[in-house]
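Chemist: Got a structure for you, protein.cif, holding mmCIF, C-alpha atoms and all ligand atoms.
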```cif
data_final
#
loop_
_atom_site.label_atom_id
_atom_site.label_comp_id
_atom_site.auth_asym_id
_atom_site.auth_seq_id
_atom_site.Cartn_x
_atom_site.Cartn_y
_atom_site.Cartn_z
CA MET H 275 75.82 135.42 118.27
CA LEU H 276 72.28 134.13 118.15
CA ASP H 277 73.01 131.10 115.98
CA ARG H 278 75.20 129.80 118.78
CA LEU H 279 72.06 129.27 120.87
CA SER H 280 70.22 125.98 120.72
CA PRO H 281 66.45 125.91 121.13
CA GLN H 282 65.13 125.12 124.62
CA ALA H 283 61.97 123.17 125.33
CA PRO H 284 59.24 125.48 126.62
CA ASP H 285 58.41 125.07 130.32
CA ALA H 286 55.96 122.18 130.17
CA LEU H 287 53.52 123.60 132.74
CA LEU H 288 53.40 127.04 131.17
CA ALA H 289 53.03 125.49 127.69
CA LEU H 290 49.84 123.79 128.92
CA ILE H 291 48.23 127.19 129.54
CA ARG H 292 48.56 128.00 125.83
CA LEU H 293 47.50 124.58 124.62
CA HIS H 294 44.36 124.72 126.74
CA ALA H 295 43.53 128.27 125.64
CA ALA H 296 43.80 127.26 121.98
CA ASP H 297 41.41 124.29 122.36
CA PRO H 298 37.98 125.31 120.97
CA ARG H 299 36.06 122.50 122.73
CA ALA H 300 33.51 123.95 125.17
CA GLU H 301 33.69 120.96 127.50
CA LYS H 302 37.50 121.05 127.92
CA ILE H 303 38.86 120.68 131.46
CA ASP H 304 42.01 122.48 132.64
CA LEU H 305 43.87 120.53 135.33
CA GLY H 306 47.23 122.01 134.37
CA VAL H 307 48.97 124.95 136.01
CA GLY H 308 48.40 125.43 139.74
CA VAL H 309 45.79 128.11 140.21
CA TYR H 310 42.74 127.89 142.44
CA ARG H 311 39.38 127.84 140.64
CA THR H 312 35.83 128.27 141.89
CA GLU H 313 33.02 125.89 140.93
CA ASP H 314 32.49 128.13 137.90
CA GLY H 315 36.10 127.70 136.83
CA ALA H 316 37.03 131.29 137.74
CA THR H 317 40.15 132.48 139.57
CA PRO H 318 38.79 135.67 141.13
CA VAL H 319 40.81 138.32 142.91
CA PHE H 320 40.33 137.88 146.70
CA ALA H 321 37.76 140.41 148.02
CA ALA H 322 40.25 141.30 150.79
CA ILE H 323 42.92 142.05 148.17
CA LYS H 324 40.47 144.09 146.04
CA ALA H 325 39.64 146.22 149.09
CA ALA H 326 43.34 146.63 149.92
CA GLU H 327 44.16 147.55 146.32
CA GLN H 328 41.44 150.22 146.37
CA ARG H 329 42.92 151.64 149.57
CA LEU H 330 46.34 151.58 147.94
CA VAL H 331 45.08 153.52 144.92
CA ASP H 332 43.42 156.06 147.20
CA THR H 333 46.33 156.58 149.57
CA GLN H 334 49.60 155.75 147.81
CA GLU H 335 51.51 158.97 147.29
CA SER H 336 54.60 157.70 145.52
CA LYS H 337 55.91 154.82 143.52
CA SER H 338 59.49 155.80 144.16
CA TYR H 339 62.04 153.04 144.80
CA LEU H 340 62.03 151.13 148.09
CA GLY H 341 65.29 149.19 147.77
CA PRO H 342 66.23 145.56 147.15
CA GLU H 343 64.46 144.41 150.32
CA GLY H 344 61.08 145.71 149.05
CA ASP H 345 58.19 146.50 151.38
CA MET H 346 59.43 145.57 154.86
CA GLY H 347 55.95 146.23 156.29
CA PHE H 348 54.72 143.36 154.13
CA VAL H 349 57.68 141.14 155.06
CA THR H 350 57.14 141.74 158.79
CA ALA H 351 53.34 141.41 158.71
CA LEU H 352 53.67 137.93 157.22
CA MET H 353 56.10 136.66 159.86
CA PRO H 354 53.59 135.65 162.58
CA TYR H 355 51.86 133.38 160.07
CA ILE H 356 55.11 131.69 159.10
CA PHE H 357 57.10 131.60 162.34
CA GLY H 358 54.25 131.77 164.90
CA ALA H 359 52.55 134.72 166.56
CA GLY H 360 54.31 134.20 169.91
CA ASP H 361 57.75 135.35 168.81
CA PRO H 362 57.85 135.72 165.02
CA THR H 363 61.49 136.81 165.07
CA MET H 364 62.49 133.76 167.15
CA GLY H 365 64.51 135.87 169.55
CA GLY H 366 65.67 138.36 166.92
CA ARG H 367 67.08 135.55 164.76
CA VAL H 368 64.69 135.91 161.81
CA GLN H 369 64.65 138.59 159.17
CA GLY H 370 63.29 138.66 155.65
CA MET H 371 63.05 140.56 152.40
CA GLN H 372 60.50 140.70 149.64
CA SER H 373 61.03 138.68 146.46
CA PRO H 374 59.37 138.45 143.04
CA GLY H 375 57.02 135.56 143.85
CA GLY H 376 57.90 132.35 145.62
CA THR H 377 60.18 131.53 142.69
CA GLY H 378 62.30 134.60 143.45
CA ALA H 379 62.53 133.52 147.09
CA VAL H 380 63.59 129.97 146.14
CA ARG H 381 66.12 131.35 143.69
CA LEU H 382 67.52 133.69 146.35
CA ALA H 383 67.64 130.93 148.96
CA LEU H 384 69.57 128.61 146.65
CA ALA H 385 71.89 131.37 145.43
CA MET H 386 72.60 132.35 149.06
CA ALA H 387 73.29 128.72 149.96
CA GLN H 388 75.68 128.53 147.03
CA LYS H 389 77.44 131.72 148.15
CA ALA H 390 77.86 130.10 151.55
CA GLY H 391 79.57 127.11 149.95
CA VAL H 392 76.71 124.69 149.23
CA ARG H 393 77.38 122.62 146.12
CA ARG H 394 74.73 119.90 146.30
CA VAL H 395 71.05 120.05 147.23
CA HIS H 396 69.03 117.01 148.28
CA MET H 397 65.42 117.11 147.22
CA GLY H 398 62.53 114.63 147.20
CA VAL H 399 61.33 113.74 143.72
CA PRO H 400 59.06 114.23 142.00
CA SER H 401 59.08 117.93 142.83
CA TRP H 402 57.95 121.17 141.24
CA PRO H 403 59.90 120.99 137.95
CA ASN H 404 61.26 124.52 138.38
CA HIS H 405 63.23 123.46 141.48
CA ALA H 406 65.50 121.32 139.28
CA GLN H 407 65.64 124.09 136.65
CA ILE H 408 66.78 126.67 139.19
CA LEU H 409 69.41 124.30 140.62
CA ALA H 410 70.71 123.56 137.12
CA ASP H 411 70.77 127.25 136.20
CA LEU H 412 72.84 128.03 139.31
CA GLY H 413 75.17 125.10 138.62
CA LEU H 414 74.17 123.33 141.84
CA GLU H 415 74.05 119.55 141.86
CA LEU H 416 70.69 117.93 142.55
CA ALA H 417 70.77 114.86 144.80
CA PRO H 418 67.29 113.32 144.42
CA PHE H 419 65.54 111.00 146.86
CA GLU H 420 62.11 109.40 146.62
CA HIS H 421 59.49 111.68 148.16
CA ALA H 422 56.72 109.08 148.36
CA ASN H 423 56.32 105.36 148.84
CA PRO H 424 54.32 103.34 146.30
CA ASP H 425 51.51 103.08 148.87
CA GLY H 426 51.00 106.84 148.77
CA THR H 427 52.65 107.73 152.09
CA ALA H 428 55.64 110.07 152.38
CA ASN H 429 58.95 108.18 152.36
CA LEU H 430 60.40 109.01 155.76
CA ASP H 431 63.42 106.73 155.41
CA ALA H 432 64.50 108.48 152.22
CA VAL H 433 64.33 112.00 153.64
CA LEU H 434 66.08 110.95 156.86
CA ALA H 435 68.85 109.27 154.85
CA ALA H 436 69.30 112.47 152.84
CA ILE H 437 69.45 114.66 155.95
CA ASN H 438 71.72 112.31 157.88
CA GLY H 439 74.02 111.71 154.91
CA ALA H 440 74.41 115.31 153.75
CA GLY H 441 77.88 116.82 154.03
CA PRO H 442 78.78 120.37 155.11
CA ASP H 443 78.59 121.64 151.52
CA GLU H 444 75.11 120.22 151.04
CA ALA H 445 71.57 121.30 151.94
CA VAL H 446 68.13 119.67 151.94
CA LEU H 447 65.17 121.36 150.25
CA LEU H 448 61.72 120.49 151.65
CA HIS H 449 58.16 121.56 150.83
CA ALA H 450 56.42 123.01 153.89
CA CYS H 451 52.96 121.69 152.97
CA CYS H 452 50.68 120.73 150.08
CA HIS H 453 53.53 118.94 148.32
CA ASN H 454 53.75 119.87 144.64
CA PRO H 455 53.09 117.61 142.65
CA THR H 456 52.01 114.69 144.87
CA GLY H 457 49.81 116.30 147.55
CA ILE H 458 51.52 113.89 149.97
CA ASP H 459 52.73 115.71 153.09
CA TYR H 460 54.78 114.42 156.01
CA THR H 461 52.68 113.54 159.07
CA ALA H 462 53.26 115.36 162.37
CA ASP H 463 55.30 112.38 163.65
CA GLN H 464 57.37 112.36 160.49
CA TRP H 465 58.09 116.09 160.85
CA THR H 466 59.23 115.44 164.42
CA ALA H 467 61.68 112.80 163.14
CA ILE H 468 62.82 115.12 160.33
CA ALA H 469 63.42 117.97 162.78
CA ALA H 470 65.43 115.67 165.05
CA ALA H 471 67.54 114.49 162.10
CA PHE H 472 68.32 118.09 161.09
CA ALA H 473 69.23 118.93 164.69
CA LYS H 474 71.53 115.93 165.06
CA SER H 475 73.22 116.07 161.66
CA GLY H 476 73.67 119.84 161.43
CA THR H 477 72.37 119.70 157.83
CA PHE H 478 71.06 123.00 156.51
CA PRO H 479 67.28 123.13 155.75
CA ILE H 480 65.77 125.18 152.94
CA ILE H 481 61.98 125.19 153.16
CA ASP H 482 59.77 126.14 150.24
CA SER H 483 56.37 127.24 151.51
CA ALA H 484 54.28 128.01 148.44
CA TYR H 485 50.85 126.75 149.54
CA GLN H 486 50.45 127.64 153.21
CA GLY H 487 46.75 127.76 154.07
CA LEU H 488 45.60 125.54 151.20
CA GLY H 489 45.97 122.26 153.11
CA HIS H 490 44.40 122.46 156.57
CA GLY H 491 44.79 126.16 157.52
CA MET H 492 47.50 128.80 157.94
CA GLU H 493 48.51 127.53 161.41
CA GLU H 494 48.13 123.82 160.69
CA ASP H 495 50.14 124.02 157.48
CA ALA H 496 53.03 125.76 159.26
CA ALA H 497 53.38 123.15 162.01
CA GLY H 498 55.90 120.87 160.28
CA MET H 499 58.08 123.75 159.15
CA ARG H 500 57.99 125.26 162.65
CA ALA H 501 59.07 121.93 164.16
CA VAL H 502 62.18 122.02 161.97
CA LEU H 503 62.86 125.70 162.69
CA ALA H 504 62.58 125.11 166.44
CA ALA H 505 65.18 122.32 166.24
CA VAL H 506 67.92 123.91 164.12
CA PRO H 507 70.20 126.92 164.51
CA GLU H 508 69.92 128.19 160.91
CA ALA H 509 67.52 127.84 157.98
CA PHE H 510 66.11 129.56 154.90
CA VAL H 511 62.39 129.85 154.21
CA ALA H 512 60.93 130.81 150.82
CA HIS H 513 57.30 131.93 151.09
CA SER H 514 54.85 132.57 148.28
CA CYS H 515 51.69 134.69 148.51
CA ASP H 516 50.79 133.87 144.93
CA LYS H 517 48.35 131.13 145.98
CA ASN H 518 47.21 131.95 149.52
CA PHE H 519 46.45 135.58 148.56
CA GLY H 520 45.61 134.77 144.91
CA GLN H 521 48.34 137.14 143.74
CA TYR H 522 49.73 134.88 140.99
CA ARG H 523 50.65 137.40 138.31
CA ASP H 524 51.61 140.14 140.76
CA ARG H 525 54.49 137.95 141.94
CA VAL H 526 54.44 138.28 145.73
CA GLY H 527 56.94 136.37 147.82
CA ALA H 528 59.37 136.70 150.69
CA PHE H 529 62.71 135.15 151.61
CA TYR H 530 63.56 134.65 155.29
CA VAL H 531 66.79 133.79 157.05
CA MET H 532 66.87 132.27 160.51
CA SER H 533 70.37 132.69 161.91
CA LYS H 534 72.21 131.29 164.92
CA GLU H 535 72.61 134.72 166.49
CA PRO H 536 70.73 137.98 165.79
CA GLY H 537 74.09 139.54 164.93
CA ASP H 538 74.54 137.16 161.97
CA LEU H 539 71.63 138.67 160.07
CA ASP H 540 73.40 141.83 158.86
CA THR H 541 76.00 139.90 156.91
CA ALA H 542 73.38 137.46 155.64
CA PHE H 543 71.23 140.27 154.28
CA SER H 544 74.15 142.19 152.82
CA ASN H 545 74.61 139.09 150.66
CA ALA H 546 70.88 138.65 149.98
CA ASN H 547 70.57 142.31 148.98
CA ALA H 548 73.57 142.06 146.67
CA LEU H 549 72.18 138.94 144.99
CA ALA H 550 68.75 140.52 144.60
CA ARG H 551 70.22 143.75 143.23
CA ALA H 552 72.18 141.87 140.59
CA ALA H 553 69.21 139.65 139.64
CA TRP H 554 66.10 141.88 139.71
CA SER H 555 67.25 144.99 141.54
CA MET H 556 64.00 145.45 143.47
CA PRO H 557 60.84 143.33 143.73
CA PRO H 558 57.49 144.49 142.26
CA ASP H 559 55.66 146.44 144.95
CA HIS H 560 51.93 146.41 144.30
CA GLY H 561 50.98 142.90 145.45
CA GLY H 562 53.11 142.99 148.57
CA ALA H 563 51.67 146.36 149.53
CA ALA H 564 48.15 144.94 149.17
CA VAL H 565 49.04 141.99 151.43
CA ARG H 566 50.52 144.41 153.98
CA ILE H 567 47.26 146.39 154.03
CA VAL H 568 45.22 143.20 154.50
CA LEU H 569 47.41 141.95 157.33
CA ASN H 570 47.46 145.28 159.15
CA ASP H 571 43.66 145.51 159.19
CA ALA H 572 41.75 143.08 161.41
CA GLU H 573 38.62 143.19 159.28
CA LEU H 574 40.46 142.54 156.02
CA THR H 575 42.51 139.80 157.69
CA GLY H 576 39.27 138.11 158.79
CA LEU H 577 37.89 138.41 155.26
CA TRP H 578 41.07 136.94 153.76
CA LEU H 579 41.09 133.98 156.17
CA ALA H 580 37.40 133.33 155.43
CA GLU H 581 38.17 133.33 151.71
CA LEU H 582 40.97 130.83 152.30
CA ASP H 583 38.51 128.67 154.30
CA THR H 584 36.12 128.67 151.33
CA MET H 585 38.88 127.64 148.92
CA ARG H 586 39.99 124.83 151.20
CA ALA H 587 36.46 123.58 151.74
CA ARG H 588 35.88 123.44 147.98
CA MET H 589 39.08 121.52 147.36
CA ARG H 590 38.15 119.08 150.16
CA GLU H 591 34.77 118.54 148.50
CA VAL H 592 36.49 117.66 145.23
CA ARG H 593 38.90 115.33 147.03
CA ASP H 594 36.02 113.68 148.92
CA ALA H 595 34.10 113.17 145.66
CA LEU H 596 37.16 111.65 143.97
CA ALA H 597 37.78 109.32 146.89
CA ALA H 598 34.09 108.36 146.99
CA ALA H 599 34.27 107.39 143.31
CA GLY H 600 36.77 104.70 144.35
CA THR H 601 38.40 103.75 141.08
CA ALA H 602 38.44 105.04 137.52
CA GLY H 603 39.69 102.24 135.29
CA ARG H 604 42.80 100.91 137.00
CA VAL H 605 43.40 104.19 138.90
CA ASP H 606 42.65 104.08 142.62
CA LEU H 607 41.29 107.53 143.48
CA THR H 608 40.88 106.93 147.21
CA PRO H 609 44.34 108.26 148.25
CA LEU H 610 43.44 111.65 146.74
CA GLY H 611 40.92 112.06 149.56
CA THR H 612 43.61 112.40 152.21
CA GLN H 613 46.18 114.34 150.19
CA ASN H 614 46.55 118.11 150.53
CA GLY H 615 46.47 121.27 148.49
CA LEU H 616 46.02 121.90 144.81
CA PHE H 617 47.78 118.83 143.46
CA SER H 618 47.71 115.06 143.26
CA MET H 619 49.29 112.64 140.83
CA LEU H 620 47.48 110.04 138.80
CA PRO H 621 49.52 106.89 138.16
CA ILE H 622 49.01 107.02 134.40
CA THR H 623 51.41 107.05 131.47
CA LYS H 624 52.44 110.04 129.32
CA GLU H 625 50.54 108.41 126.46
CA GLU H 626 47.38 108.23 128.56
CA VAL H 627 47.83 111.90 129.54
CA ALA H 628 48.07 112.71 125.80
CA THR H 629 44.94 110.65 125.00
CA LEU H 630 42.98 112.41 127.74
CA ARG H 631 44.01 115.73 126.22
CA GLU H 632 43.49 114.88 122.57
CA GLU H 633 40.33 112.78 122.77
CA HIS H 634 38.62 114.20 125.85
CA GLY H 635 39.93 117.79 126.12
CA ILE H 636 41.34 117.11 129.62
CA TYR H 637 44.62 118.95 130.25
CA MET H 638 47.17 117.89 132.87
CA ALA H 639 50.95 117.78 133.28
CA ALA H 640 52.70 114.92 131.46
CA SER H 641 53.65 113.53 134.89
CA GLY H 642 49.97 112.82 135.59
CA ARG H 643 49.73 115.73 138.03
CA ILE H 644 46.24 117.21 138.24
CA ASN H 645 45.09 120.51 139.70
CA ILE H 646 42.26 119.45 142.00
CA ALA H 647 40.71 122.93 141.78
CA GLY H 648 40.12 122.44 138.05
CA LEU H 649 37.45 119.87 138.91
CA THR H 650 33.88 120.96 139.66
CA PRO H 651 30.62 119.15 140.42
CA SER H 652 29.67 119.61 136.76
CA ASN H 653 32.87 118.32 135.13
CA LEU H 654 33.79 115.63 137.67
CA PRO H 655 31.58 112.87 136.13
CA LYS H 656 33.10 113.55 132.70
CA PHE H 657 36.62 113.45 134.16
CA ILE H 658 36.06 110.14 135.95
CA ALA H 659 34.41 108.55 132.90
CA ALA H 660 37.24 109.68 130.60
CA LEU H 661 39.89 108.45 133.02
CA ALA H 662 38.10 105.09 133.31
CA ALA H 663 37.98 104.81 129.52
CA VAL H 664 41.65 105.70 129.00
CA ALA H 665 43.37 104.07 132.00
CA GLN H 666 42.08 100.53 131.66
C1 LIG H 701 52.49 125.07 139.43
O1 LIG H 701 53.28 124.21 139.85
O2 LIG H 701 51.60 124.83 138.61
C2 LIG H 701 52.61 126.46 139.97
O3 LIG H 701 53.54 126.50 140.99
C3 LIG H 701 52.85 127.46 138.91
C4 LIG H 701 54.25 127.45 138.43
O4 LIG H 701 54.88 128.53 138.47
O5 LIG H 701 54.74 126.43 137.97
#
```
Spit out the file's structure as structure tokens when you get a sec.

Modeler:
Amino acid sequence: MLDRLSPQAPDALLALIRLHAADPRAEKIDLGVGVYRTEDGATPVFAAIKAAEQRLVDTQESKSYLGPEGDMGFVTALMPYIFGAGDPTMGGRVQGMQSPGGTGAVRLALAMAQKAGVRRVHMGVPSWPNHAQILADLGLELAPFEHANPDGTANLDAVLAAINGAGPDEAVLLHACCHNPTGIDYTADQWTAIAAAFAKSGTFPIIDSAYQGLGHGMEEDAAGMRAVLAAVPEAFVAHSCDKNFGQYRDRVGAFYVMSKEPGDLDTAFSNANALARAAWSMPPDHGGAAVRIVLNDAELTGLWLAELDTMRARMREVRDALAAAGTAGRVDLTPLGTQNGLFSMLPITKEEVATLREEHGIYMAASGRINIAGLTPSNLPKFIAALAAVAQ
């Protein structure tokens, strides 16, 4: 059997983790996989999560199965942050279930869309590389459109054309905020136009929200997504807590369905549960339970939001410093100042990415995507000098 398999390329982002770890140079800089880092280069566990985990250890009486939907206390506690505190169920039309990370939620959303007859998914490119991998694995066709204009703004015409042109067996996948890999988000006016296009065309939206809170704040980062949800009868939302609660390896996510009528949710979730059962049976519990404890405790919620504020402020400082540097070689760094979240893209070649890695110990995705949080006041001058030397 096994000799019938052909070797597959390792996931490029995950391969970078190993390459960087194996580099003995003390001054190396990791701008690869998307994890937040402090000025000291650490990715600490949130204090709010540590406190919640301690409470979990002290009070959890059983680790018996919960079911394919996971911890519904977690799923429900998250809803006001995603759908708005006023009416998080949007008139009883929203329900969710826990998933293994945001990836599990995206996978479930796309598999559900496929079960409902979707064959083709429109998506702005570049995107998180795993989006295309999941689509390919499910046998769904990817219909790409340009996410950004050459001037660094989001390409509204392209997304509107995709939404307006999509047929009944097609869906459009959007990033809620902190676009991965470009950091280029739609403006409020653009979201309004996008929402109107969804409403008019009847095209089905699938929204991947993996970085809520890392751009401008939990509320601010949800505004575009909420504009779309307010305008359409049905949608899927995939949410990740891996970044905004620092739960990366604990794999904490949730998949939500917004239906036309409250009565449509039972059938929807009978399908979602069946897909989850066949794929992973039940999601890992620990991280979701910790988030539930944080969100059900006002003090821990305040602590968590303050920690998110600190992360955001640090990333803004890095972006401000990059923008203030102006240019590095032929690379204009000023647009990075107004982009959002962990990522931005440098307009450099694969060869230049390789030179930065080999000669300067600076690691980034071959696309030129950098993790802003990998830069610190102490390594920023080295990064800018190396970029200036390589990208002439
Ligand atoms: C990233 O894009 O670096 C993160 O979303 C991590 C991942 O799973 O790829």

Chemist: Determine, counting all atoms listed in the file, which protein, DNA and RNA residues have an atom within 10 Å of an atom of segment 661-666 of chain H; residues of the same chain fewer than 4 positions away are not included. Present the result as a list in words.

Modeler: Thr601, Ala602, Gly603, Arg604, Val605, Leu620, Pro621, Ile622, Thr623, Glu625, Glu626, Val627, Thr629, Leu630, Glu633, His634, Ile636, Pro655, Lys656 and Phe657 of chain H

Chemist: Would you please work out which residue, of H:Ala640, H:Ala595, H:Ala505, H:Leu287, is nearest to ligand LIG 701 (chain H) when using only C-alpha atoms and all ligand atoms?

Modeler: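 Among the listed residues, H:Leu287 lies closest to ligand LIG 701 (chain H).
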
Chemist: Go through H:Met353, H:Ala639, H:Leu569, H:Ala628 and flag the residue nearest His513 of chain H, using all atoms listed in the file for the distances.

Modeler: H:Met353

Chemist: What are the centre and edge lengths in Å, to one decimal, of the axis-aligned box around all listed atoms of ligand LIG 701 (chain H) with 8 Å added on each side, as AutoDock Vina command-line options?

Modeler:
```
--center_x 53.2 --center_y 126.4 --center_z 139.5 --size_x 19.3 --size_y 20.3 --size_z 19.0
```

Chemist: Within 9 Å of ligand LIG 701 (chain H), counting all atoms listed in the file: which residues, as a PyMOL selection string?

Modeler: chain H and resi 285-288+306-309+376-377+402-404+454-455+484-485+516-517+522+616-617+639+645

Chemist: Between H:Tyr530, H:Trp554, H:Phe519, H:Phe472, which one has atoms that come closest to Pro507 of chain H, using all atoms listed in the file?

Modeler: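 That would be H:Phe472, the residue with the smallest distance to Pro507 of chain H.
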
Chemist: Find the residues with any atom within 12 Å of (50.4, 130.8, 164.4); use all atoms listed in the file and the coordinates as given in the file, and write the answer as an MDAnalysis selection string.

Modeler: chainID H and resid 352:362 486:487 491:497 499:500

Chemist: Need to verify the contact set: Gly441 of chain H, 9 Å, all atoms listed in the file, exclusion of same-chain residues closer than 3 positions in sequence. Can you return it as a VMD selection string?

Modeler: chain H and resid 394 437 to 438 444 to 445 475 477

Chemist: Would you work out the distance separating atom CA of Pro342 of chain H from atom CA of Asn547 of chain H, expressed in Å to one decimal?

Modeler: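 Straight-line distance from atom CA of Pro342 of chain H to atom CA of Asn547 of chain H works out to 5.7 Å.
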
Chemist: With a distance cut-off of 6 Å and all atoms listed in the file, select the neighbouring residues of Val511 of chain H, excluding the residue or stretch itself and same-chain residues fewer than 4 positions from it, and output the selection as a list in words.

Modeler: Ile480, Ile481, Phe529 and Tyr530 of chain H

Chemist: In Å, rounded to a single decimal, give me how far atom CA of Ala473 of chain H is from atom CA of Val502 of chain H.

Modeler: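 A separation of 8.2 Å between them.
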
Chemist: For Gly561 of chain H, which residue among H:His396, H:Arg643, H:Arg525, H:Lys474 is the nearest when counting only C-alpha atoms?

Modeler: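 Looking only at the distances to Gly561 of chain H, the closest residue turns out to be H:Arg525.
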
Chemist: Measuring atom to atom with all atoms listed in the file, identify which of H:Met371, H:Ala553, H:Ala316, H:Met364 is nearest to Thr650 of chain H.

Modeler: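 Residue with the minimum atom-to-atom distance to Thr650 of chain H: H:Ala316.
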
Chemist: What is the distance, in Å and to one decimal place, between atom CA of Ala597 of chain H and atom CA of Asp425 of chain H?

Modeler: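 Separation of atom CA of Ala597 of chain H and atom CA of Asp425 of chain H: 15.2 Å.
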
Chemist: Give as a PyMOL selection string each residue that has an atom at most 9 Å from (40.3, 128.0, 143.0) in the file, counting all atoms listed in the file.

Modeler: chain H and resi 309-313+315-318+520+585-586+588-589+616+646-648

Chemist: Take the residues just selected and output them with C-alpha atoms as a PDB file, keeping the file's coordinate frame.

Modeler:
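Output contents, as saved in result_13.pdb:
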```
ATOM      1  CA  VAL H 309      45.790 128.110 140.210  1.00  0.00           C
ATOM      2  CA  TYR H 310      42.740 127.890 142.440  1.00  0.00           C
ATOM      3  CA  ARG H 311      39.380 127.840 140.640  1.00  0.00           C
ATOM      4  CA  THR H 312      35.830 128.270 141.890  1.00  0.00           C
ATOM      5  CA  GLU H 313      33.020 125.890 140.930  1.00  0.00           C
ATOM      6  CA  GLY H 315      36.100 127.700 136.830  1.00  0.00           C
ATOM      7  CA  ALA H 316      37.030 131.290 137.740  1.00  0.00           C
ATOM      8  CA  THR H 317      40.150 132.480 139.570  1.00  0.00           C
ATOM      9  CA  PRO H 318      38.790 135.670 141.130  1.00  0.00           C
ATOM     10  CA  GLY H 520      45.610 134.770 144.910  1.00  0.00           C
ATOM     11  CA  MET H 585      38.880 127.640 148.920  1.00  0.00           C
ATOM     12  CA  ARG H 586      39.990 124.830 151.200  1.00  0.00           C
ATOM     13  CA  ARG H 588      35.880 123.440 147.980  1.00  0.00           C
ATOM     14  CA  MET H 589      39.080 121.520 147.360  1.00  0.00           C
ATOM     15  CA  LEU H 616      46.020 121.900 144.810  1.00  0.00           C
ATOM     16  CA  ILE H 646      42.260 119.450 142.000  1.00  0.00           C
ATOM     17  CA  ALA H 647      40.710 122.930 141.780  1.00  0.00           C
ATOM     18  CA  GLY H 648      40.120 122.440 138.050  1.00  0.00           C
TER      19      GLY H 648
END
```
